Every structure is written in C-alpha cells, then in structure tokens.
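First the structure, in the form of structure tokens, and then the observations on it.
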Amino acid sequence: MSYDVVIIGGSLAGASTATLLRRACPDLCVLILERAPHFTRRVGEATVEISGYFLGRVLGLTQHLNNEHLVKQGMRFWFANERTESLEDASEMGPKYHVRLPSWQLDRAVVDEELLRRAVAGGVELRRPAQVTAVRLCPGGEQEVEVKTADGAETIRCRWVVDGSGVAAVLARQEGWFEPNTAHPIASAWARWRGVKDWDGRDLAEKFPAWSGRCLGSRNTATNHIVGDGWWSWWIPLKGGDVSVGVVFDQRLVSFPQGEAKLGDRLREFLERHPVARELLSEAQWIEGDVHWRKNLAYHSRIFAGDGFALVGDAAAFLDPLYSPGMDIISFTATATTALIAAQRRGEAVAPLVERHNAIFGQSYQRWFEAVYQDKYEYIGEYDLMNLAFRMDLGLYYLGIVSQPFKYGAKALASPPFSVPVSTPVYHFMRFYNGRFAAMARKRRERRVWGRSNSRKQYLFQSFSISPRDLPRIVAAAAQWCWLELCEGWRSWFGAVRTAKISEPAVQSAAPAPAKAGSV
C-alpha cells in the first residue's frame, strides 16, 4: 500500500490527527489531501477550556496562540426587553474579573496553516490543492482514495482513511451515514465586520460610565452573546481589529429577514432589533465577500469509525455553536482515532475497539444534545432562566469534563462527554433542568410575561475552576431553580405545552428599535 494513513482535509481536525499519529507511531507514513490551495477565514474562532488544553498543551501551540491570536476572557450574555432603551439598561451576565484557565479567540485560517505547517515539518506528506472524488472502503483491507490534482487523477491506496473534511463530511455523505438533527433545526448567518465599537473603549465608557465600571476585567476579548427570544448572536474579536458577528436561531421560533437585500444588510437588520447590537454596530460595516449563511447546522454520522476508516471533527458531527463545542469535538475524535489506529498497529483486535468507539461517540452526541441543547432556544433569551442554566452548565462542564485532562493528562481526551458510567446521573440531571426551563419559558410566552427580567439586572461572577470548592456554587444555582419551581414552575408541571412559532412582531417587541430613518 502507498500509505499507512490518508487524511482528507488539512485544517485543524486533519492536521491535529496527523500530528498525533506521527507522535504515537513515528514510522507511520501519513498523507494529507487538502482541497484548498490556502485556507480562508471560517467560523469556529472561539476555543473553550478543553480545546484550549488540546491546542496549547497537547499540540504545543501556546506560544503561537499568544503571539498571533487573542486570549479569551470567558463568555458574556446580554438580554433586553421593551424597557431596554440602551446598552446600559440591558441585563448582563458574565465574569467580573479575568478567567482562570486559558482559551483563545482564533483566526482559524492562521492557526490552521500553522498546524498544517508543523505536521509537514514532523514528517507528514501534503498534497494541495487535491480534490478527493471518491473513497472505496474495504474493512480490514486496502482502502482506495480517488484524488484529482493539477497533475491529473490518481488512485491512492492505504490501510486507514481519516475523514477530516469538515462539513463536507465526505465519508458520511458518500456512505449514507449522514443524519441531520431534525430535533434541533437551527440556522445561522454571519459576517466579519470592521468598525465595531470596542466594549472596553473610551467611547462607551464616557457614554455609559456606570455600566463601564461594573466589570473589572475585559469585556472586549470575551465571546459576547447578544440574545433574544429563540436566537443568539456571537461577537468574537480577531487579531487586527475585525470582529466575527453571527446569529444562530431556531427556525421553529424565529424568521430571518427575507427579500432582495444583500445577506449582510439583512443580518444587520436582524441584529439591530436589539439595543446592544444597535449600539455596537452604529459605525460598523460588514466586509464584502465575507458574509455566509448555513441552514440546518446540526447533524451527525451514524458511524464514526470502522476497521480502516475514522471520522474526526465536523466530518463526524456538529451540534451547536453555543458554548463553542466544535473544537472540543476535534479534540476528542482526533485523540480517540489516534488511539484506535495505534492499537491496530500494535496488533490488537480492531473489532471490539471499533465497536466501543462507535458506541461512546454515538452516546456522547445524543446525551450532549439532550442535556445541553434540546429546546434551549425556548429560554435562551430569558435572563433569569438562562442565568441558572448557564451557572449549572458551566460549573458541571468544569468539574466533570475540563478537570479530566488537567488531572489525568491527554489520554482523558479519548473519552468524550457522557461516555463513562459515572457521568450518567449528571446527564439525567442536566437533561431534566434543561427541559424544565424550556417548559417554564413556553408557559411564560403563553401568559405573555416573557422577558420580564431582561432589563437592568446584572450577574457578574468570579470564574469557575476545576476545584471541588466550586461545587457549592452549582448547588446554590440548583436551590434557586427549586425555589423558582415552587413559585412559578408548578404552572407547567402537568400537560405538555406545544412549541409555538413566534411571529415577526413578537420578535421585534422584545427590543424595539427607536423610530428613526433606517430603523426596522
């Protein structure tokens, strides 16, 4: 065979897998086939603590990340209702000081090129531009990859094929394994912008002095989330001054502006319904040619690996951009795929390893969806409900997931979330409170009391750590949830409340724009 491993795709998922494979098996002959002659900007700029650990400590990119990208200062949320007239009136949730564990805001094109360069320097062969046209799988035998380059068409043979092709999901789509997550019908529009106001700048500080003084850390280098009923938007600063701004919405609840206007203008129209976004974008302009749309974001492959192939990163599954789990999935799938191939090279029986690989990643995707994301857009725009959910989500993420590699090293990344028995009670707990908050939000909408806490409230907290000393903070949030159940939740204890589509006027009423020229 020509190669031991052929990797489809040379961006973060493919290049990191190649790096780990060469590290585990230095004699391995690895080829990366990358379609693009050079990488362009893409979504997925924000890391969280797992992907930060993977990029920094496992792949050794810490110096590059600090020199070429921005250190991230956690997540911050902004809410509004009909009483919210300005940025200062919006309810805010986020850290008061700086965060404790490292993560970064990335220019993905830059970090992808750097990681691919390091993989090649480490002995990996690269062909680009190279378009994979077909893959013929032979479990336990010789895999064949049809590829087209400037020199013509060629068939490449190998023992393993690793699909790191991202949302193209070459193997999943070719083999019929690709499954849209119809229970989570989210869509997204995004762009890069110039001239977005600096959250920490003098302009806003002089205009809203009390607001500016509340936070003692950096707001600007956080991933800011501006949220509404059934939708949220990300605001991610990039090195050099551009800002990535996008909106994600549940298509059952929200309608995105239609018409003949350019997508960037329709994105602005949507965002400026919220007073915080209106303030930040007042002098901004989206960058022509860097505006994008994607419908039905959530999906997964029914098969994650076999004897001779494996799927990594977005080629295996994608859930939701909220909480930035995309690079976490890369961390887990790249680590587990490396372990699988290394085991086969040592002569271990592959069948039980493949069976376990498919079982744990299939279970992890389903449980992660049900525990964190299912129906979350029902209450994502409610300050008090999202406050409690975020505190428990974040605290449990730190104690149960982030803590593992810091305690046990990189090998902990071979087991994705909710794939071990000890995590089952936590999964059921998270799934239950997420469902309860969604039910309460539906009832509030039915009673026309949605968003009553969305103005002039703040929750600025000290960042979480991986210490058990933070457990009382989770317990305190759970206790507040129980009290809310007694005060209000009983209204939704009996009978199901059907998800209702929010009309266009209802979306606008959450944060009306002032009547002026150019307003919605």
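To be explicit about the labels: the chains of the structure tokens are called A, B, and onward in the order shown, and within each one the residues are counted from 1, while ligands get numbers from 1 in the order they are shown.
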List the neighbours of Val167 (chain A) out to 10 Å using only C-alpha atoms; skip same-chain residues closer than 6 positions along the sequence, and give me the result as a PyMOL selection string.
chain A and resi 173+297+299+313-318
Using only C-alpha atoms, determine which residues lie at most 8 Å from Val372 (chain A), disregarding the query and same-chain residues fewer than 4 positions distant; provide the list as an MDAnalysis selection string.
chainID A and resid 368 376 393 430:431 434
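Here CA of Val426 (chain A) and CA of Ala13 (chain A) stand 28.4 Å from one another.
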Would you give me, as a tab-separated table, each residue of region 205-251 of chain A having an atom within 12 Å of an atom of region 441-464 of chain A, along with its shortest atom pair and that distance in Å to one decimal, using only C-alpha atoms and sorting by chain and residue number?
```
residue	atom	partner	partner_atom	distance
A:Ala210	CA	A:Arg456	CA	11.9
A:Trp211	CA	A:Gln458	CA	10.0
A:Gly213	CA	A:Leu460	CA	11.8
A:Arg214	CA	A:Leu460	CA	8.2
A:Cys215	CA	A:Leu460	CA	7.4
A:Leu216	CA	A:Leu460	CA	9.6
A:Gly217	CA	A:Leu460	CA	10.4
A:Arg219	CA	A:Leu460	CA	11.4
A:Ile226	CA	A:Asn454	CA	11.6
A:Val227	CA	A:Asn454	CA	10.1
A:Gly228	CA	A:Gly451	CA	9.0
A:Asp229	CA	A:Gly451	CA	8.3
A:Gly230	CA	A:Ala441	CA	10.5
```
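When the distance limit is 9 Å and only C-alpha atoms are what count, the residues near Ala351 (chain A), minus those fewer than 5 positions from it on the same chain, are Gly306, Asp307 and Arg356 of chain A.
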I'd like the contact shell of region 342-348 of chain A - 9 Å cut-off, only C-alpha atoms, skipping same-chain residues fewer than 4 positions apart - returned as a ChimeraX atom specification.
/A:21,24-25,307,337-338,353
Take the residues just selected and output them with N, CA, C and O atoms as a compact mmCIF listing (two decimals), in the first residue's frame.
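So result-v3.txt came out as:
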```txt
# COMPACT_ATOMS: atom_id res chain seq x y z
N LEU A 21 -0.80 11.15 15.27
CA LEU A 21 -0.44 9.84 14.72
C LEU A 21 1.07 9.70 14.59
O LEU A 21 1.65 8.67 14.96
N ALA A 24 2.54 9.22 18.02
CA ALA A 24 2.30 7.89 18.60
C ALA A 24 3.06 6.80 17.85
O ALA A 24 3.52 5.84 18.45
N CYS A 25 3.16 6.95 16.52
CA CYS A 25 3.82 5.95 15.69
C CYS A 25 4.76 6.66 14.72
O CYS A 25 4.37 6.99 13.59
N ASP A 307 -12.98 -0.64 10.68
CA ASP A 307 -11.63 -1.20 10.53
C ASP A 307 -11.04 -0.70 9.22
O ASP A 307 -11.16 -1.35 8.18
N THR A 337 -9.22 8.60 17.66
CA THR A 337 -8.83 8.00 16.38
C THR A 337 -7.36 7.60 16.39
O THR A 337 -6.99 6.52 15.90
N THR A 338 -6.52 8.44 16.95
CA THR A 338 -5.10 8.10 17.08
C THR A 338 -4.92 6.84 17.92
O THR A 338 -4.13 5.95 17.55
N LEU A 353 -12.57 -2.63 19.52
CA LEU A 353 -12.20 -1.22 19.67
C LEU A 353 -13.10 -0.33 18.82
O LEU A 353 -13.54 0.74 19.25
```
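Counting only C-alpha atoms and comparing A:Ile329, A:Ala305, A:Val276, A:Ile380, the residue that lies closest to Leu253 (chain A) is A:Ile380.
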Set the distance at 9 Å and use only C-alpha atoms: which residues neighbour Glu68 (chain A) once local chain neighbours fewer than 4 positions away are removed? I'd like the list as JSON, numbers by chain.
{"A": [63, 64, 106, 107, 110, 111, 239]}
Would you mind exporting the chosen residues as a compact mmCIF listing (two decimals), in the first residue's frame, restricted to N, CA and C atoms?
```txt
# COMPACT_ATOMS: atom_id res chain seq x y z
N GLN A 63 2.65 29.28 22.47
CA GLN A 63 3.36 30.49 22.08
C GLN A 63 2.74 31.11 20.83
N HIS A 64 2.41 30.28 19.85
CA HIS A 64 1.75 30.77 18.64
C HIS A 64 0.41 31.43 18.98
N LEU A 106 -9.54 32.85 17.97
CA LEU A 106 -8.62 32.45 16.90
C LEU A 106 -9.03 33.03 15.55
N ASP A 107 -8.04 33.36 14.76
CA ASP A 107 -8.23 33.49 13.32
C ASP A 107 -7.94 32.10 12.76
N VAL A 110 -5.25 31.31 10.15
CA VAL A 110 -3.87 31.42 10.63
C VAL A 110 -3.47 30.18 11.42
N VAL A 111 -4.32 29.75 12.35
CA VAL A 111 -3.95 28.60 13.17
C VAL A 111 -3.98 27.31 12.35
N LYS A 239 -7.58 39.17 15.93
CA LYS A 239 -6.34 39.94 15.90
C LYS A 239 -6.32 40.81 14.65
```
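With only C-alpha atoms as the atoms that count, the minimum distance from Asp198 (chain A) to the choices A:Leu280, A:Ala389, A:Val254, A:Ala134 is reached by A:Leu280.
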